[in-house]
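First comes the structure, then the notes that go with it.
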Amino acid sequence: VTSAKSLLAVSVAKSLCTLADQLEAYRKRIGELFKNHPDHDCFGSLPGAGEKLAPRLLAELGSDRARFESHEALQMYAGTAPLTRQSGKSSVTRIRWLCNKTLRSTVHHWANLSRPSCAWAEVYYQQKKKSGMSHAAALRCLGQRWLKILWKMWQTGTTYDEALHTRNQVKHGSW
């Protein structure tokens, strides 16, 4: 049994090494394609997105800017917008399950990774936590904010400017 199982373990290890090499080549190709994409600067400027999440965000949104007519449409597609059901006097708000789950997961990770590098994102997250929200709910709210910013950047072809965003928050009395 031991010699048979050891042969199996060696075979599985060789398969995993081959798979690791293929994944590395795949990641390298994604990086090259992302670097040469016309929207590289827009998505590459997002705080916390980095070399892995920025290409994923770009791939999920695509190149057709008319695909999402508003930031609300993008938020619903990504699953960050809550789903509210009302009947009579009762109202129930729930997480949106019918959405692009890959994009929802990517936005969730991006929102969390943006907190250390973006002051307003951390403050916003902490305010949501203090109001009684769970970690996941606070990140969905932060992701909701980020998608609104990303949609505008994507539509105008601009890069992220934290100073401009902070000035706009102050100007409009945001949160």
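Ligands are numbered from 1 in the order shown, residues from 1 within each chain, and chains are lettered A, B, ... in the order they appear in the structure tokens.
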Identify all residues of chain A in alpha helix (DSSP H) (DSSP on the backbone) and supply them as a ChimeraX atom specification.
/A:2-35,40-44,50-61,71-78,101-114,119-130,135-156,162-172
Report as a VMD selection string all protein, DNA and RNA residues lying within 12 Å of A:Glu69, evaluated on only C-alpha atoms, omitting residues in the same chain fewer than 6 positions from it.
chain A and resid 75 to 77 151 to 152 154 to 155
Keeping only C-alpha atoms, write the selected residues as a PDB file, in the first residue's frame.
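And here's part_36.pdb as it stands now:
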ATOM      1  CA  GLN A  75     -23.803  48.239  -9.118  1.00  0.00           C
ATOM      2  CA  MET A  76     -26.796  45.945  -9.634  1.00  0.00           C
ATOM      3  CA  TYR A  77     -24.834  43.800 -12.099  1.00  0.00           C
ATOM      4  CA  TRP A 151     -18.052  53.863 -13.686  1.00  0.00           C
ATOM      5  CA  LYS A 152     -17.451  57.617 -14.015  1.00  0.00           C
ATOM      6  CA  TRP A 154     -14.453  54.421 -17.182  1.00  0.00           C
ATOM      7  CA  GLN A 155     -16.968  56.617 -19.016  1.00  0.00           C
TER       8      GLN A 155
END
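Distances here use only C-alpha atoms; by that measure, the residue among A:Thr106, A:Gln22, A:Gln144, A:Ser45 closest to A:Thr80 is A:Gln144.
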Who sits within 12 Å of stretch 94-96 of chain A, only C-alpha atoms, same chain under 4 positions skipped, as a count of residues only:
19
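The residues of stretch 55-156 of chain A that DSSP classifies as strand (DSSP E), using the backbone of this structure, are Leu83, Thr84, Arg85, Gln86, Ser87, Ser90, Ser91, Val92, Thr93 and Arg94 of chain A.
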With N, CA, C and O atoms retained, could you export that selection as a PDB file, in the first residue's frame?
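Wrote it out as part-v1.pdb, contents follow:
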ATOM      1  N   LEU A  83     -31.045  44.575  -2.486  1.00  0.00           N
ATOM      2  CA  LEU A  83     -32.340  44.268  -3.081  1.00  0.00           C
ATOM      3  C   LEU A  83     -33.394  44.505  -2.012  1.00  0.00           C
ATOM      4  O   LEU A  83     -33.364  43.883  -0.955  1.00  0.00           O
ATOM      5  N   THR A  84     -34.323  45.427  -2.267  1.00  0.00           N
ATOM      6  CA  THR A  84     -35.351  45.767  -1.295  1.00  0.00           C
ATOM      7  C   THR A  84     -36.699  45.274  -1.798  1.00  0.00           C
ATOM      8  O   THR A  84     -37.084  45.542  -2.932  1.00  0.00           O
ATOM      9  N   ARG A  85     -37.407  44.564  -0.927  1.00  0.00           N
ATOM     10  CA  ARG A  85     -38.755  44.096  -1.249  1.00  0.00           C
ATOM     11  C   ARG A  85     -39.719  44.731  -0.265  1.00  0.00           C
ATOM     12  O   ARG A  85     -39.512  44.674   0.946  1.00  0.00           O
ATOM     13  N   GLN A  86     -40.788  45.320  -0.794  1.00  0.00           N
ATOM     14  CA  GLN A  86     -41.778  45.972   0.057  1.00  0.00           C
ATOM     15  C   GLN A  86     -43.154  45.395  -0.229  1.00  0.00           C
ATOM     16  O   GLN A  86     -43.505  45.119  -1.371  1.00  0.00           O
ATOM     17  N   SER A  87     -43.904  45.240   0.835  1.00  0.00           N
ATOM     18  CA  SER A  87     -45.283  44.797   0.723  1.00  0.00           C
ATOM     19  C   SER A  87     -46.041  45.385   1.898  1.00  0.00           C
ATOM     20  O   SER A  87     -45.770  45.058   3.059  1.00  0.00           O
ATOM     21  N   SER A  90     -44.361  46.335   5.473  1.00  0.00           N
ATOM     22  CA  SER A  90     -43.078  45.657   5.696  1.00  0.00           C
ATOM     23  C   SER A  90     -42.108  45.928   4.546  1.00  0.00           C
ATOM     24  O   SER A  90     -42.507  46.051   3.393  1.00  0.00           O
ATOM     25  N   SER A  91     -40.856  46.018   4.910  1.00  0.00           N
ATOM     26  CA  SER A  91     -39.791  46.240   3.939  1.00  0.00           C
ATOM     27  C   SER A  91     -38.593  45.389   4.351  1.00  0.00           C
ATOM     28  O   SER A  91     -38.152  45.442   5.498  1.00  0.00           O
ATOM     29  N   VAL A  92     -38.076  44.609   3.423  1.00  0.00           N
ATOM     30  CA  VAL A  92     -36.947  43.728   3.700  1.00  0.00           C
ATOM     31  C   VAL A  92     -35.834  44.052   2.710  1.00  0.00           C
ATOM     32  O   VAL A  92     -36.057  44.096   1.504  1.00  0.00           O
ATOM     33  N   THR A  93     -34.641  44.281   3.226  1.00  0.00           N
ATOM     34  CA  THR A  93     -33.475  44.546   2.394  1.00  0.00           C
ATOM     35  C   THR A  93     -32.525  43.364   2.512  1.00  0.00           C
ATOM     36  O   THR A  93     -32.188  42.942   3.610  1.00  0.00           O
ATOM     37  N   ARG A  94     -32.113  42.852   1.371  1.00  0.00           N
ATOM     38  CA  ARG A  94     -31.244  41.673   1.343  1.00  0.00           C
ATOM     39  C   ARG A  94     -30.125  41.860   0.348  1.00  0.00           C
ATOM     40  O   ARG A  94     -30.173  42.754  -0.494  1.00  0.00           O
TER      41      ARG A  94
END
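Between A:Leu142 and the candidates A:Ala111, A:Asp161, A:Glu122, A:Thr156, the tightest atom-to-atom separation, counting only C-alpha atoms, involves A:Ala111.
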Atom CA of A:Ser117 sits from atom CA of A:Lys52 at a separation of 16.1 Å
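With distances restricted to only C-alpha atoms, A:Gly31 is the closest residue to A:Gly44 from A:Gly88, A:Gly62, A:Gly132, A:Gly31.
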Let me make sure I understand: among A:Leu46, A:Leu33, A:Val1, A:Leu164, which one has the smallest atom-to-atom distance to A:Val107 if we use only C-alpha atoms?
A:Leu46
Fewer than 6 positions away in the same chain doesn't count, so skip those; otherwise give me all residues within 10 Å of A:Pro55, counting only C-alpha atoms, as a ChimeraX atom specification.
/A:30-31,33-35,37,39-40,43-44,49,61
Excluding A:Trp120 and its own-chain neighbours fewer than 2 positions away, which residues fall within 12 Å of it when counting only C-alpha atoms? Please give them as a short mmCIF file (atom, residue, chain, number, x, y, z; two decimals) with C-alpha atoms, in the first residue's frame.
data_model
loop_
_atom_site.label_atom_id
_atom_site.label_comp_id
_atom_site.auth_asym_id
_atom_site.auth_seq_id
_atom_site.Cartn_x
_atom_site.Cartn_y
_atom_site.Cartn_z
CA PRO A 47 -6.09 52.08 -5.06
CA ALA A 111 -12.83 47.35 -1.42
CA SER A 114 -8.32 49.85 -0.91
CA ARG A 115 -8.69 50.65 2.78
CA PRO A 116 -4.96 50.84 3.70
CA SER A 117 -4.06 52.98 0.67
CA CYS A 118 -7.06 55.32 0.57
CA GLU A 122 -10.95 53.48 5.57
CA VAL A 123 -12.98 56.24 7.24
CA TYR A 124 -16.10 55.22 5.31
CA TYR A 125 -15.61 51.55 6.23
CA GLN A 126 -15.09 52.39 9.92
CA GLN A 127 -18.26 54.53 9.96
CA LEU A 142 -17.62 50.61 0.18
CA ARG A 145 -19.00 53.71 -3.62
CA TRP A 146 -16.01 52.43 -5.57
CA GLU A 162 -7.84 60.90 -4.55
CA ALA A 163 -7.40 64.65 -3.98
CA LEU A 164 -10.12 65.43 -6.54
CA HIS A 165 -12.42 62.83 -5.02
CA THR A 166 -11.89 64.19 -1.51
CA ARG A 167 -12.61 67.74 -2.72
CA ASN A 168 -15.83 66.53 -4.35
CA GLN A 169 -16.87 64.75 -1.13
CA VAL A 170 -16.37 67.93 0.86
CA SER A 174 -20.90 63.36 1.12
CA TRP A 175 -21.50 61.01 4.08
#
